[in-house]
file final_11.csv (CSV, C-alpha atoms)
chain,number,residue,atom,x,y,z
Q,1,MET,CA,-21.1,-71.2,14.3
Q,2,SER,CA,-17.8,-71.8,15.9
Q,3,MET,CA,-16.1,-69.1,18.0
Q,4,HIS,CA,-13.4,-68.7,15.4
Q,5,ASN,CA,-15.9,-68.3,12.5
Q,6,ASN,CA,-18.0,-65.9,14.6
Q,7,PHE,CA,-14.9,-63.8,15.3
Q,8,HIS,CA,-14.0,-63.8,11.6
Q,9,HIS,CA,-17.5,-62.8,10.7
Q,10,GLN,CA,-17.5,-59.8,13.2
Q,11,LYS,CA,-14.1,-58.8,11.9
Q,12,THR,CA,-15.3,-58.8,8.3
Q,13,ASN,CA,-18.3,-56.7,9.2
Q,14,TYR,CA,-16.2,-54.3,11.2
Q,15,LEU,CA,-13.9,-53.8,8.2
Q,16,LYS,CA,-16.8,-53.3,5.8
Q,17,VAL,CA,-18.3,-50.6,8.1
Q,18,SER,CA,-14.9,-49.0,8.6
Q,19,MET,CA,-14.2,-48.9,4.9
Q,20,THR,CA,-17.7,-47.5,4.2
Q,21,ILE,CA,-17.1,-44.7,6.8
Q,22,TYR,CA,-13.7,-44.0,5.4
Q,23,PHE,CA,-14.9,-43.7,1.8
Q,24,LYS,CA,-17.8,-41.5,2.9
Q,25,ARG,CA,-15.5,-39.2,4.9
Q,26,SER,CA,-13.0,-39.1,2.0
Q,27,PHE,CA,-15.8,-38.3,-0.5
Q,28,ARG,CA,-17.0,-35.5,1.8
Q,29,PHE,CA,-13.5,-34.1,2.1
Q,30,PHE,CA,-13.0,-34.3,-1.6
Q,31,LEU,CA,-16.4,-32.6,-2.2
Q,32,THR,CA,-15.4,-29.9,0.2
Q,33,LEU,CA,-12.2,-29.3,-1.6
Q,34,VAL,CA,-14.0,-29.1,-4.9
Q,35,LEU,CA,-16.5,-26.6,-3.6
Q,36,LEU,CA,-13.8,-24.4,-2.1
Q,37,TRP,CA,-11.9,-24.6,-5.3
Q,38,SER,CA,-14.9,-23.7,-7.4
Q,39,THR,CA,-15.8,-20.9,-5.0
Q,40,THR,CA,-12.3,-19.5,-5.3
Q,41,ILE,CA,-12.3,-19.8,-9.0
Q,42,SER,CA,-15.7,-18.2,-9.4
Q,43,PHE,CA,-14.7,-15.4,-7.0
Q,44,ALA,CA,-11.5,-14.8,-9.1
Q,45,LYS,CA,-13.5,-14.7,-12.3
Q,46,GLU,CA,-16.0,-12.3,-10.7
Q,47,SER,CA,-13.2,-10.1,-9.4
Q,48,VAL,CA,-11.1,-9.8,-12.5
Q,49,GLY,CA,-13.9,-9.8,-15.0
Q,50,PRO,CA,-14.9,-6.8,-17.0
Q,51,LEU,CA,-14.0,-3.6,-15.1
Q,52,SER,CA,-16.8,-1.3,-14.1
Q,53,LYS,CA,-17.2,1.4,-11.4
Q,54,ASP,CA,-19.4,-0.9,-9.4
Q,55,SER,CA,-17.1,-3.9,-9.5
Q,56,ILE,CA,-14.1,-1.7,-8.5
Q,57,LYS,CA,-16.1,-0.1,-5.6
Q,58,ASN,CA,-17.4,-3.5,-4.5
Q,59,ILE,CA,-14.0,-5.0,-4.1
Q,60,MET,CA,-12.7,-1.8,-2.4
Q,61,GLN,CA,-15.5,-2.0,0.1
Q,62,ARG,CA,-14.7,-5.7,0.8
Q,63,VAL,CA,-11.1,-4.9,1.4
Q,64,ALA,CA,-11.8,-1.9,3.6
Q,65,ASP,CA,-14.4,-3.7,5.6
Q,66,TRP,CA,-12.1,-6.7,6.2
Q,67,GLN,CA,-9.4,-4.4,7.5
Q,68,TRP,CA,-11.7,-2.5,9.9
Q,69,ARG,CA,-13.2,-5.8,11.1
Q,70,ASP,CA,-9.8,-7.3,11.7
Q,71,ILE,CA,-8.8,-4.3,13.8
Q,72,GLU,CA,-12.0,-4.6,15.8
Q,73,VAL,CA,-11.6,-8.3,16.4
Q,74,HIS,CA,-7.8,-8.6,16.9
Q,75,GLY,CA,-6.9,-5.0,17.9
Q,76,TRP,CA,-4.3,-2.8,16.3
Q,77,LYS,CA,-1.4,-4.8,14.8
Q,78,ASN,CA,0.6,-1.6,14.7
Q,79,PRO,CA,-0.1,1.6,16.8
Q,80,PRO,CA,-2.7,3.9,15.2
Q,81,LYS,CA,0.0,6.7,15.0
Q,82,ASP,CA,2.4,4.4,13.2
Q,83,TRP,CA,3.5,5.0,9.6
Q,84,THR,CA,1.9,1.8,8.6
Q,85,SER,CA,-1.4,3.1,9.9
Q,86,GLY,CA,-0.9,6.5,8.5
Q,87,ALA,CA,-0.4,5.1,5.0
Q,88,MET,CA,-3.6,3.0,5.4
Q,89,PHE,CA,-5.6,6.1,6.6
Q,90,THR,CA,-4.7,8.0,3.5
Q,91,GLY,CA,-6.2,5.2,1.4
Q,92,MET,CA,-9.2,5.0,3.7
Q,93,VAL,CA,-9.9,8.8,3.3
Q,94,ALA,CA,-9.8,8.3,-0.5
Q,95,TRP,CA,-12.3,5.4,-0.1
Q,96,ALA,CA,-14.5,7.4,2.3
Q,97,LYS,CA,-14.9,10.1,-0.4
Q,98,ILE,CA,-16.6,7.6,-2.8
Q,99,ALA,CA,-18.0,5.1,-0.3
Q,100,PRO,CA,-21.8,4.6,-0.1
Q,101,ASP,CA,-21.8,5.0,3.7
Q,102,LYS,CA,-20.6,7.8,6.0
Q,103,LYS,CA,-19.4,5.3,8.5
Q,104,TYR,CA,-15.9,5.3,7.0
Q,105,TRP,CA,-15.5,9.0,7.8
Q,106,ASN,CA,-16.7,8.3,11.3
Q,107,LYS,CA,-14.2,5.5,11.8
Q,108,LEU,CA,-11.4,7.8,10.8
Q,109,VAL,CA,-12.5,10.6,13.2
Q,110,GLN,CA,-12.7,7.9,15.9
Q,111,VAL,CA,-9.1,7.0,15.2
Q,112,GLY,CA,-8.0,10.7,15.4
Q,113,GLU,CA,-9.8,10.9,18.8
Q,114,LEU,CA,-8.0,7.7,19.9
Q,115,ASN,CA,-4.7,9.4,19.0
Q,116,GLN,CA,-5.8,12.6,20.6
Q,117,TRP,CA,-4.9,14.1,17.2
Q,118,LYS,CA,-1.2,13.7,18.1
Q,119,ILE,CA,1.6,12.6,15.8
Q,120,GLY,CA,4.1,10.0,16.8
Q,121,PRO,CA,6.7,10.6,19.6
Q,122,ARG,CA,9.8,11.1,17.4
Q,123,ARG,CA,8.9,14.6,16.2
Q,124,ARG,CA,11.2,15.1,13.2
Q,125,PHE,CA,11.0,11.4,12.1
Q,126,ALA,CA,9.0,11.4,8.8
Q,127,ASP,CA,7.3,8.1,9.7
Q,128,ASP,CA,5.9,9.5,12.9
Q,129,TYR,CA,4.1,12.4,11.1
Q,130,CYS,CA,2.7,10.4,8.2
Q,131,VAL,CA,-0.5,10.3,10.2
Q,132,GLY,CA,-0.6,14.1,9.6
Q,133,GLN,CA,-1.9,13.3,6.1
Q,134,MET,CA,-5.2,12.0,7.6
Q,135,TYR,CA,-5.4,14.8,10.1
Q,136,SER,CA,-5.0,17.4,7.4
Q,137,LEU,CA,-7.5,15.8,5.1
Q,138,LEU,CA,-10.1,15.5,7.9
Q,139,TYR,CA,-9.5,19.1,8.9
Q,140,LYS,CA,-10.2,20.2,5.3
Q,141,LYS,CA,-13.5,18.4,5.4
Q,142,PHE,CA,-14.7,19.1,9.0
Q,143,LYS,CA,-12.8,22.4,9.8
Q,144,ASN,CA,-12.0,21.4,13.4
Q,145,PRO,CA,-8.7,23.0,14.3
Q,146,ASP,CA,-8.0,20.4,17.0
Q,147,TYR,CA,-7.4,17.9,14.2
Q,148,ILE,CA,-4.2,19.6,13.0
Q,149,ALA,CA,-3.0,21.5,16.1
Q,150,ASP,CA,-0.2,19.2,17.0
Q,151,PHE,CA,0.9,18.4,13.4
Q,152,ARG,CA,0.9,22.1,12.5
Q,153,SER,CA,3.0,22.9,15.5
Q,154,LEU,CA,5.6,20.4,14.2
Q,155,ALA,CA,5.4,21.8,10.7
Q,156,ASP,CA,6.0,25.3,11.9
Q,157,THR,CA,9.1,24.0,13.6
Q,158,LEU,CA,10.3,22.1,10.5
Q,159,ALA,CA,9.9,25.3,8.5
Q,160,ILE,CA,12.5,27.1,10.5
Q,161,ILE,CA,15.1,24.3,10.8
Q,162,PRO,CA,18.0,24.8,8.3
Q,163,HIS,CA,18.1,21.1,7.2
Q,164,THR,CA,21.7,21.2,6.2
Q,165,GLU,CA,22.9,17.8,7.4
Q,166,PRO,CA,24.2,15.4,4.7
Q,167,LEU,CA,21.9,12.4,4.1
Q,168,LEU,CA,24.5,9.6,4.5
Q,169,TRP,CA,22.9,6.8,6.5
Q,170,VAL,CA,24.9,7.4,9.8
Q,171,ASN,CA,24.2,8.9,13.2
Q,172,SER,CA,20.4,8.2,13.0
Q,173,ILE,CA,20.1,10.8,10.3
Q,174,TYR,CA,16.6,9.4,9.5
Q,175,LEU,CA,15.3,10.9,12.8
Q,176,ARG,CA,16.1,14.4,11.4
Q,177,GLU,CA,16.1,14.3,7.6
Q,178,TRP,CA,14.4,12.5,4.7
Q,179,ALA,CA,17.4,10.2,4.1
Q,180,TRP,CA,15.5,7.2,2.7
Q,181,CYS,CA,13.1,7.1,-0.2
Q,182,ASP,CA,10.1,5.8,1.9
Q,183,ALA,CA,10.1,9.2,3.6
Q,184,LEU,CA,9.0,10.8,0.3
Q,185,PHE,CA,5.5,9.3,0.8
Q,186,MET,CA,5.4,9.8,4.6
Q,187,ALA,CA,6.3,13.5,4.9
Q,188,PRO,CA,5.9,15.6,1.7
Q,189,PRO,CA,2.2,14.7,1.2
Q,190,ALA,CA,1.4,15.4,4.8
Q,191,LEU,CA,2.9,18.9,4.5
Q,192,ALA,CA,1.3,19.5,1.1
Q,193,TYR,CA,-2.1,18.5,2.5
Q,194,LEU,CA,-1.6,20.8,5.4
Q,195,SER,CA,-0.9,23.7,3.0
Q,196,ASP,CA,-4.0,22.9,1.0
Q,197,ALA,CA,-6.1,22.7,4.2
Q,198,THR,CA,-4.8,25.9,5.8
Q,199,LYS,CA,-3.9,27.9,2.7
Q,200,ASP,CA,-0.4,28.5,4.1
Q,201,LYS,CA,2.0,27.9,1.3
Q,202,LYS,CA,5.1,27.6,3.5
Q,203,TYR,CA,4.4,23.9,4.3
Q,204,LEU,CA,4.2,23.0,0.6
Q,205,ASN,CA,7.3,25.0,-0.2
Q,206,LEU,CA,9.1,23.2,2.6
Q,207,ALA,CA,8.0,19.8,1.2
Q,208,SER,CA,9.2,20.7,-2.2
Q,209,ARG,CA,12.6,22.0,-1.0
Q,210,LEU,CA,13.3,18.9,1.1
Q,211,TRP,CA,12.0,16.6,-1.7
Q,212,TRP,CA,14.7,17.8,-4.0
Q,213,LYS,CA,17.3,17.5,-1.4
Q,214,THR,CA,16.5,13.8,-1.0
Q,215,SER,CA,16.0,13.3,-4.8
Q,216,ASP,CA,19.4,14.9,-5.6
Q,217,TYR,CA,20.9,12.3,-3.3
Q,218,LEU,CA,19.0,9.1,-3.9
Q,219,TYR,CA,17.6,9.3,-7.4
Q,220,SER,CA,19.4,7.5,-10.2
Q,221,ASN,CA,19.4,9.6,-13.3
Q,222,GLU,CA,20.6,6.6,-15.3
Q,223,GLU,CA,17.9,4.2,-14.0
Q,224,HIS,CA,15.1,6.7,-13.2
Q,225,LEU,CA,14.6,4.9,-10.0
Q,226,PHE,CA,15.3,5.7,-6.3
Q,227,PHE,CA,17.8,3.9,-4.1
Q,228,ARG,CA,16.3,3.1,-0.7
Q,229,ASP,CA,19.1,4.9,1.1
Q,230,SER,CA,22.9,5.4,0.8
Q,231,ARG,CA,23.6,1.8,2.0
Q,232,TYR,CA,22.3,0.6,-1.4
Q,233,PHE,CA,24.5,2.7,-3.7
Q,234,THR,CA,26.9,-0.2,-4.2
Q,235,GLN,CA,24.8,-3.2,-3.4
Q,236,LYS,CA,23.9,-5.7,-6.1
Q,237,GLU,CA,21.2,-8.3,-6.7
Q,238,LYS,CA,22.1,-11.9,-7.6
Q,239,ASN,CA,22.0,-11.0,-11.3
Q,240,GLY,CA,24.5,-8.2,-10.8
Q,241,LYS,CA,21.9,-5.4,-11.1
Q,242,PRO,CA,21.6,-2.6,-8.6
Q,243,VAL,CA,19.1,-3.1,-5.8
Q,244,PHE,CA,15.9,-1.1,-6.5
Q,245,TRP,CA,13.1,-2.0,-4.2
Q,246,SER,CA,9.6,-2.1,-5.6
Q,247,ARG,CA,7.7,-0.7,-2.6
Q,248,GLY,CA,10.4,1.9,-2.0
Q,249,ASN,CA,9.9,3.3,-5.5
Q,250,GLY,CA,6.1,2.8,-5.1
Q,251,TRP,CA,6.3,5.1,-2.0
Q,252,VAL,CA,8.1,7.7,-4.2
Q,253,LEU,CA,5.8,7.6,-7.2
Q,254,GLY,CA,2.7,7.6,-5.0
Q,255,GLY,CA,4.2,10.5,-3.0
Q,256,ILE,CA,4.7,12.6,-6.2
Q,257,ALA,CA,1.1,12.0,-7.2
Q,258,ASN,CA,-0.1,13.1,-3.7
Q,259,VAL,CA,2.0,16.2,-3.7
Q,260,LEU,CA,1.0,17.1,-7.3
Q,261,SER,CA,-2.7,16.6,-6.4
Q,262,VAL,CA,-2.6,19.8,-4.3
Q,263,MET,CA,0.2,21.7,-5.9
Q,264,PRO,CA,-1.0,24.8,-7.6
Q,265,ALA,CA,-0.5,24.9,-11.4
Q,266,ARG,CA,1.8,27.9,-11.1
Q,267,HIS,CA,4.0,26.6,-8.4
Q,268,PRO,CA,7.6,27.1,-9.5
Q,269,ASP,CA,8.5,23.4,-8.8
Q,270,ARG,CA,5.5,21.8,-10.4
Q,271,ALA,CA,7.2,21.2,-13.8
Q,272,ARG,CA,10.1,19.6,-12.1
Q,273,PHE,CA,7.8,17.2,-10.2
Q,274,ILE,CA,6.0,16.3,-13.4
Q,275,LYS,CA,9.3,15.6,-15.2
Q,276,GLN,CA,10.4,13.2,-12.6
Q,277,PHE,CA,6.9,11.6,-12.4
Q,278,LYS,CA,7.0,10.9,-16.2
Q,279,GLU,CA,10.5,9.5,-16.1
Q,280,MET,CA,9.7,7.1,-13.3
Q,281,ALA,CA,6.4,6.1,-14.8
Q,282,GLU,CA,7.9,5.2,-18.1
Q,283,ARG,CA,10.6,3.1,-16.3
Q,284,ILE,CA,8.2,1.4,-14.0
Q,285,ALA,CA,5.7,0.6,-16.8
Q,286,GLY,CA,8.6,-1.2,-18.6
Q,287,LEU,CA,9.3,-3.4,-15.6
Q,288,GLN,CA,5.8,-4.7,-15.1
Q,289,GLN,CA,5.7,-8.5,-15.1
Q,290,PRO,CA,3.6,-10.7,-17.4
Q,291,ASP,CA,1.1,-11.3,-14.5
Q,292,GLY,CA,0.5,-7.5,-14.1
Q,293,THR,CA,2.4,-7.1,-10.9
Q,294,TRP,CA,5.9,-5.9,-9.9
Q,295,HIS,CA,8.0,-8.2,-7.9
Q,296,ALA,CA,9.8,-7.1,-4.7
Q,297,SER,CA,13.1,-6.4,-6.7
Q,298,LEU,CA,12.5,-4.3,-9.8
Q,299,LEU,CA,15.6,-5.3,-11.7
Q,300,ASP,CA,15.9,-8.9,-10.5
Q,301,PRO,CA,12.4,-10.3,-10.4
Q,302,GLU,CA,13.7,-13.8,-10.9
Q,303,SER,CA,15.3,-13.8,-7.5
Q,304,TYR,CA,11.9,-12.8,-6.0
Q,305,PRO,CA,9.5,-14.7,-8.3
Q,306,VAL,CA,6.3,-14.2,-6.3
Q,307,LYS,CA,4.1,-11.2,-7.0
Q,308,GLU,CA,4.0,-8.3,-4.4
Q,309,THR,CA,1.0,-6.1,-3.9
Q,310,SER,CA,2.2,-3.1,-2.0
Q,311,GLY,CA,4.5,-1.9,-4.7
Q,312,THR,CA,2.1,-3.0,-7.3
Q,313,ALA,CA,-0.8,-1.0,-5.7
Q,314,PHE,CA,1.2,2.2,-5.4
Q,315,PHE,CA,2.3,1.9,-9.1
Q,316,CYS,CA,-1.3,1.2,-10.2
Q,317,TYR,CA,-2.4,4.2,-8.2
Q,318,ALA,CA,0.2,6.6,-9.5
Q,319,LEU,CA,-0.2,5.5,-13.1
Q,320,ALA,CA,-4.0,5.8,-13.0
Q,321,TRP,CA,-3.7,9.1,-11.3
Q,322,GLY,CA,-1.3,10.3,-14.0
Q,323,ILE,CA,-3.8,9.3,-16.7
Q,324,ASN,CA,-6.7,10.9,-14.9
Q,325,HIS,CA,-4.8,14.2,-14.6
Q,326,HIS,CA,-3.6,14.2,-18.3
Q,327,ILE,CA,0.0,13.9,-17.3
Q,328,LEU,CA,0.5,10.4,-18.8
Q,329,PRO,CA,-0.9,9.4,-22.2
Q,330,HIS,CA,-4.0,7.3,-21.9
Q,331,ASP,CA,-3.2,4.9,-24.8
Q,332,LYS,CA,0.2,4.0,-23.4
Q,333,TYR,CA,-0.5,3.6,-19.7
Q,334,TYR,CA,-4.2,2.5,-19.5
Q,335,PRO,CA,-3.4,-1.1,-20.4
Q,336,VAL,CA,-0.6,-1.1,-17.7
Q,337,ALA,CA,-2.9,0.3,-15.0
Q,338,VAL,CA,-5.8,-2.1,-15.9
Q,339,LYS,CA,-3.5,-5.1,-15.9
Q,340,ALA,CA,-2.1,-4.0,-12.5
Q,341,TRP,CA,-5.5,-3.5,-11.0
Q,342,GLN,CA,-6.7,-6.9,-12.2
Q,343,SER,CA,-3.6,-8.5,-10.7
Q,344,LEU,CA,-4.3,-6.8,-7.4
Q,345,VAL,CA,-8.0,-7.9,-7.3
Q,346,ALA,CA,-6.8,-11.5,-7.9
Q,347,CYS,CA,-4.8,-11.2,-4.7
Q,348,VAL,CA,-7.8,-10.4,-2.5
Q,349,HIS,CA,-9.1,-13.4,-0.5
Q,350,PRO,CA,-12.8,-14.2,-0.6
Q,351,ASP,CA,-13.3,-12.6,2.8
Q,352,GLY,CA,-11.6,-9.4,1.7
Q,353,LYS,CA,-8.1,-9.8,3.0
Q,354,LEU,CA,-5.5,-8.4,0.7
Q,355,GLY,CA,-2.6,-10.9,0.3
Q,356,TYR,CA,0.9,-10.9,-1.1
Q,357,VAL,CA,1.9,-7.7,0.8
Q,358,GLN,CA,5.6,-7.7,1.6
Q,359,PRO,CA,6.1,-7.3,5.4
Q,360,GLN,CA,7.7,-4.3,6.9
Q,361,GLY,CA,11.3,-4.0,5.7
Q,362,VAL,CA,13.9,-1.9,3.9
Q,363,SER,CA,14.7,-4.0,0.8
Q,364,PRO,CA,13.2,-6.8,-1.4
Q,365,GLU,CA,12.1,-9.8,0.6
Q,366,LYS,CA,10.0,-12.9,0.1
Q,367,VAL,CA,6.2,-12.7,0.4
Q,368,THR,CA,3.3,-15.2,0.6
Q,369,SER,CA,-0.5,-15.1,-0.2
Q,370,ASP,CA,-1.3,-14.8,3.6
Q,371,ASP,CA,1.0,-11.7,4.1
Q,372,THR,CA,-0.9,-8.5,4.6
Q,373,GLU,CA,-0.2,-5.1,6.1
Q,374,TYR,CA,-2.1,-1.9,6.7
Q,375,TYR,CA,-0.1,0.1,4.1
Q,376,GLY,CA,-0.9,-2.5,1.4
Q,377,VAL,CA,-4.6,-1.9,2.1
Q,378,GLY,CA,-4.1,1.9,1.9
Q,379,ALA,CA,-2.3,1.6,-1.4
Q,380,PHE,CA,-5.0,-0.7,-2.7
Q,381,LEU,CA,-7.7,1.8,-1.8
Q,382,LEU,CA,-5.8,4.7,-3.4
Q,383,ALA,CA,-5.4,2.6,-6.6
Q,384,GLY,CA,-9.1,1.7,-6.6
Q,385,THR,CA,-10.3,5.4,-6.3
Q,386,GLU,CA,-8.2,6.3,-9.3
Q,387,MET,CA,-9.4,3.2,-11.2
Q,388,VAL,CA,-13.0,4.3,-10.5
Q,389,LYS,CA,-12.3,7.7,-12.0
Q,390,LEU,CA,-10.5,6.1,-15.0
Q,391,LYS,CA,-13.6,3.9,-15.7
Q,392,SER,CA,-15.9,6.9,-15.4
Q,393,LYS,CA,-14.4,8.5,-18.5

call {"tool": "encode", "arguments": {"input": "final_11.csv", "output": "structure tokens"}}
result
Amino acid sequence: MSMHNNFHHQKTNYLKVSMTIYFKRSFRFFLTLVLLWSTTISFAKESVGPLSKDSIKNIMQRVADWQWRDIEVHGWKNPPKDWTSGAMFTGMVAWAKIAPDKKYWNKLVQVGELNQWKIGPRRRFADDYCVGQMYSLLYKKFKNPDYIADFRSLADTLAIIPHTEPLLWVNSIYLREWAWCDALFMAPPALAYLSDATKDKKYLNLASRLWWKTSDYLYSNEEHLFFRDSRYFTQKEKNGKPVFWSRGNGWVLGGIANVLSVMPARHPDRARFIKQFKEMAERIAGLQQPDGTWHASLLDPESYPVKETSGTAFFCYALAWGINHHILPHDKYYPVAVKAWQSLVACVHPDGKLGYVQPQGVSPEKVTSDDTEYYGVGAFLLAGTEMVKLKSK
């Protein structure tokens, strides 16, 4: 065989081998994609299938475990005294009450010890005492006065401050007053839980008084929704509608549920809270999207076409809570709550990571399937605990 023919023969063999390897690798890659796709589909079918107490608790445990594992591996994304953490802990407490393992209580106590049971550094800033919710709830269970010493000291101070400043968003008013709607989740439940734990009604009365100061300023009686703060009174979405932020209103509706959960039946303001809760619930239910979620902007979902789980989870929680406490009619709101829960479960990754959580912000923003935050997990766990109760009836 000539040198030329020999070279041609070797080249042909090399091409055959290369093509064989290429097709084998391509087939393996294709097969991997098919397996991943089928796993994801089967997970989704399993997750959003027929609702039962066990299926709800299983997905809750998966989400809770993913979050604790992520903190253990990567450290705290936000400080454990931060409002994002405080909102998560409230959901984690709710989960610990129904979880099959005491380790979740232990984890929360460990966080408190890490924080030395202190609130955040800006004493009158509602975000910085959101963590007081967890401290008060743990004190009620374990009766250790160290858990609430610092938060109670602040609450005693808040109770004697006149709180007469206007809520216009100037001069860092948010450091002194509840001048933005998010604060209605951060602060009032913390004070209400402190009252419930200590049997001192002055904290709950303070929470109620300041709630209505904020509500009188930020609540739209026409839309039955809350503006985020005074800067949004005149702002418009692309479609010309007012800007009403999903998670912002989720904070409020979840905050009402939390306050009502410990407010005595004879409290003089209870009926007023229930009236606002019903008004908002009806408005929110009517804004649910076909996929069961609420998008970042409540009145302009087309400009934010992707689902968003933090607002959705708070709405699911509040609506299910309202049904469970016979404030909202079952027949009207049960389908809304179930559809919302199923949509949330579909946003949980196979490893337990909750996706589509809008990052920290003050207004509607874009979101992706990989976005997650502590407060989204907290809201998911709050929603799950109420869905478990709803399925128990």

call {"tool": "residues_around", "arguments": {"input": "final_11.csv", "residues": "Q:Gly355", "least_positions_apart": "5", "cutoff": "12 Å", "atoms": "all atoms listed in the file", "output": "JSON, numbers by chain"}}
result
{"Q": [63, 66, 67, 306, 307, 308, 309, 310, 312, 313, 343, 344, 345, 346, 347, 348, 349, 350, 367, 368, 369, 370, 371, 372, 373, 374, 375, 376, 377, 380]}

call {"tool": "residues_around", "arguments": {"input": "final_11.csv", "residues": "stretch 192-205 of chain Q", "least_positions_apart": "6", "cutoff": "12 Å", "atoms": "only C-alpha atoms", "output": "ChimeraX atom specification"}}
result
/Q:90,129-145,147-160,184-186,211-212,255-264,267-270

call {"tool": "closest_residue", "arguments": {"input": "final_11.csv", "among": "Q:Gln360, Q:Leu354, Q:Phe273, Q:Ala383", "to": "Q:Cys316", "atoms": "only C-alpha atoms"}}
result
Q:Ala383

call {"tool": "axis_aligned_box", "arguments": {"input": "final_11.csv", "around": "stretch 175-189 of chain Q", "padding_each_side": "4 Å", "output": "AutoDock Vina command-line options"}}
result
--center_x 9.8 --center_y 10.7 --center_z 6.3 --size_x 23.2 --size_y 17.8 --size_z 21.0

call {"tool": "closest_residue", "arguments": {"input": "final_11.csv", "among": "Q:Leu168, Q:Ile274, Q:Val243, Q:Met280", "to": "Q:Asn221", "atoms": "only C-alpha atoms"}}
result
Q:Met280

call {"tool": "build_atoms", "arguments": {"input": "final_11.csv", "residues": "stretch 205-210 of chain Q", "atoms": "all heavy atoms", "output": "compact mmCIF listing (two decimals), keeping the file's coordinate frame"}}
result
# COMPACT_ATOMS: atom_id res chain seq x y z
N ASN Q 205 5.98 24.57 0.26
CA ASN Q 205 7.30 25.00 -0.20
C ASN Q 205 8.41 24.22 0.55
O ASN Q 205 9.43 23.87 -0.05
CB ASN Q 205 7.48 26.49 0.02
CG ASN Q 205 6.63 27.31 -0.92
OD1 ASN Q 205 6.20 26.82 -1.97
ND2 ASN Q 205 6.35 28.55 -0.56
N LEU Q 206 8.19 23.97 1.84
CA LEU Q 206 9.10 23.20 2.60
C LEU Q 206 9.19 21.74 2.06
O LEU Q 206 10.27 21.16 1.87
CB LEU Q 206 8.73 23.14 4.09
CG LEU Q 206 9.51 22.18 4.99
CD1 LEU Q 206 10.97 22.62 5.10
CD2 LEU Q 206 8.85 22.10 6.37
N ALA Q 207 8.02 21.17 1.78
CA ALA Q 207 8.00 19.80 1.20
C ALA Q 207 8.73 19.72 -0.07
O ALA Q 207 9.47 18.77 -0.31
CB ALA Q 207 6.50 19.39 1.03
N SER Q 208 8.56 20.71 -0.93
CA SER Q 208 9.20 20.70 -2.20
C SER Q 208 10.75 20.85 -2.04
O SER Q 208 11.53 20.13 -2.67
CB SER Q 208 8.71 21.86 -3.09
OG SER Q 208 9.35 21.85 -4.35
N ARG Q 209 11.18 21.76 -1.19
CA ARG Q 209 12.60 22.00 -1.00
C ARG Q 209 13.29 20.70 -0.46
O ARG Q 209 14.35 20.29 -0.95
CB ARG Q 209 12.83 23.13 0.00
CG ARG Q 209 14.29 23.39 0.34
CD ARG Q 209 14.45 24.76 0.99
NE ARG Q 209 13.79 24.86 2.28
CZ ARG Q 209 14.37 24.54 3.45
NH1 ARG Q 209 15.62 24.07 3.47
NH2 ARG Q 209 13.72 24.70 4.58
N LEU Q 210 12.67 20.07 0.52
CA LEU Q 210 13.30 18.90 1.10
C LEU Q 210 13.15 17.66 0.17
O LEU Q 210 13.99 16.76 0.19
CB LEU Q 210 12.65 18.57 2.46
CG LEU Q 210 12.89 19.63 3.54
CD1 LEU Q 210 12.33 19.18 4.88
CD2 LEU Q 210 14.37 19.95 3.66
